[in-house]
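So the structure is just underneath, and the comments pick up after that.
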Amino acid sequence: MTKIVLITGGNKGLGYASAEALKALGYKVYIGSRNDVRGQQHHKN
C-alpha cells in the first residue's frame with residue numbers, strides 16, 4: 001500500500017522539514033504552498 005501525505009505550508013520551516021523526513025521514509029508527499037515560486041523550487045528536489 002502506498003503511503004500518501006499532504007502537508008500545507010510545506011515550502012519552508014517545519015512543514016518543509018516534515019516533508020523531507022516523510023519522503024525519506026518512503027511516503028509520497030504533496031505540499032501546499034502560498035508561494036508558487038518557492039513551491040516549484042521544492043518540487044524539483
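In the C-alpha cells, the first chain shown is A, the next is B, and so on; residue numbers restart at 1 for each chain, and ligands run from 1 in the order shown.
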
**OP:** Going by DSSP on the backbone, which bits of chain A are helix (DSSP H, G or I)? Write them as a PyMOL selection string, please.
**Re:** chain A and resi 13-24+36-44

Take the residues that were just selected and, keeping C-alpha atoms, output them as a CSV table (one decimal), in the first residue's frame.
```csv
chain,number,residue,atom,x,y,z
A,13,GLY,CA,10.4,25.7,8.1
A,14,LEU,CA,8.7,22.8,9.9
A,15,GLY,CA,6.5,21.9,7.0
A,16,TYR,CA,9.4,21.6,4.7
A,17,ALA,CA,11.4,19.5,7.2
A,18,SER,CA,8.5,17.2,7.8
A,19,ALA,CA,8.0,16.7,4.0
A,20,GLU,CA,11.7,15.8,3.6
A,21,ALA,CA,11.6,13.4,6.5
A,22,LEU,CA,8.5,11.7,5.3
A,23,LYS,CA,9.8,11.4,1.8
A,24,ALA,CA,12.9,9.7,3.2
A,36,ASP,CA,4.3,29.4,-6.2
A,37,VAL,CA,7.9,30.2,-7.0
A,38,ARG,CA,9.2,28.6,-3.7
A,39,GLY,CA,6.8,25.6,-4.2
A,40,GLN,CA,8.2,25.0,-7.7
A,41,GLN,CA,11.7,25.1,-6.4
A,42,HIS,CA,11.0,22.4,-3.8
A,43,HIS,CA,9.1,20.3,-6.4
A,44,LYS,CA,12.4,19.9,-8.3
```

**OP:** Can you pull out every residue within 8 Å of region 2-8 of chain A, counting only C-alpha atoms, but drop anything in the same chain fewer than 2 positions away, and send it as a ChimeraX atom specification?
**Re:** /A:10,15,19,26-33

Subject >> DSSP strand (DSSP E or B) residues within chain A, listed as a PyMOL selection string >> reply: chain A and resi 4-8+28-32

Keeping N, CA and C atoms for every residue in the selection just given, could you write it to a file as a PDB file, in the first residue's frame?
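The result, stored in again_23.pdb:
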```pdb
ATOM      1  N   ILE A   4       0.595   8.060   1.456  1.00  0.00           N
ATOM      2  CA  ILE A   4       0.480   9.391   0.871  1.00  0.00           C
ATOM      3  C   ILE A   4       0.198  10.393   1.976  1.00  0.00           C
ATOM      4  N   VAL A   5       0.858  11.558   1.890  1.00  0.00           N
ATOM      5  CA  VAL A   5       0.646  12.609   2.884  1.00  0.00           C
ATOM      6  C   VAL A   5       0.547  13.951   2.168  1.00  0.00           C
ATOM      7  N   LEU A   6      -0.311  14.827   2.682  1.00  0.00           N
ATOM      8  CA  LEU A   6      -0.439  16.197   2.194  1.00  0.00           C
ATOM      9  C   LEU A   6      -0.031  17.130   3.319  1.00  0.00           C
ATOM     10  N   ILE A   7       0.918  18.005   3.039  1.00  0.00           N
ATOM     11  CA  ILE A   7       1.386  18.967   4.033  1.00  0.00           C
ATOM     12  C   ILE A   7       1.090  20.360   3.518  1.00  0.00           C
ATOM     13  N   THR A   8       0.334  21.120   4.292  1.00  0.00           N
ATOM     14  CA  THR A   8       0.100  22.515   3.939  1.00  0.00           C
ATOM     15  C   THR A   8       1.198  23.350   4.584  1.00  0.00           C
ATOM     16  N   LYS A  28       4.755   9.183  -0.270  1.00  0.00           N
ATOM     17  CA  LYS A  28       4.551  10.063  -1.416  1.00  0.00           C
ATOM     18  C   LYS A  28       4.015  11.362  -0.829  1.00  0.00           C
ATOM     19  N   VAL A  29       4.769  12.446  -0.979  1.00  0.00           N
ATOM     20  CA  VAL A  29       4.479  13.697  -0.286  1.00  0.00           C
ATOM     21  C   VAL A  29       3.990  14.751  -1.264  1.00  0.00           C
ATOM     22  N   TYR A  30       2.872  15.374  -0.917  1.00  0.00           N
ATOM     23  CA  TYR A  30       2.350  16.524  -1.643  1.00  0.00           C
ATOM     24  C   TYR A  30       2.382  17.704  -0.682  1.00  0.00           C
ATOM     25  N   ILE A  31       2.805  18.865  -1.195  1.00  0.00           N
ATOM     26  CA  ILE A  31       2.816  20.046  -0.343  1.00  0.00           C
ATOM     27  C   ILE A  31       1.913  21.118  -0.922  1.00  0.00           C
ATOM     28  N   GLY A  32       1.299  21.872  -0.024  1.00  0.00           N
ATOM     29  CA  GLY A  32       0.528  23.049  -0.406  1.00  0.00           C
ATOM     30  C   GLY A  32       1.359  24.271  -0.062  1.00  0.00           C
TER      31      GLY A  32
END
```
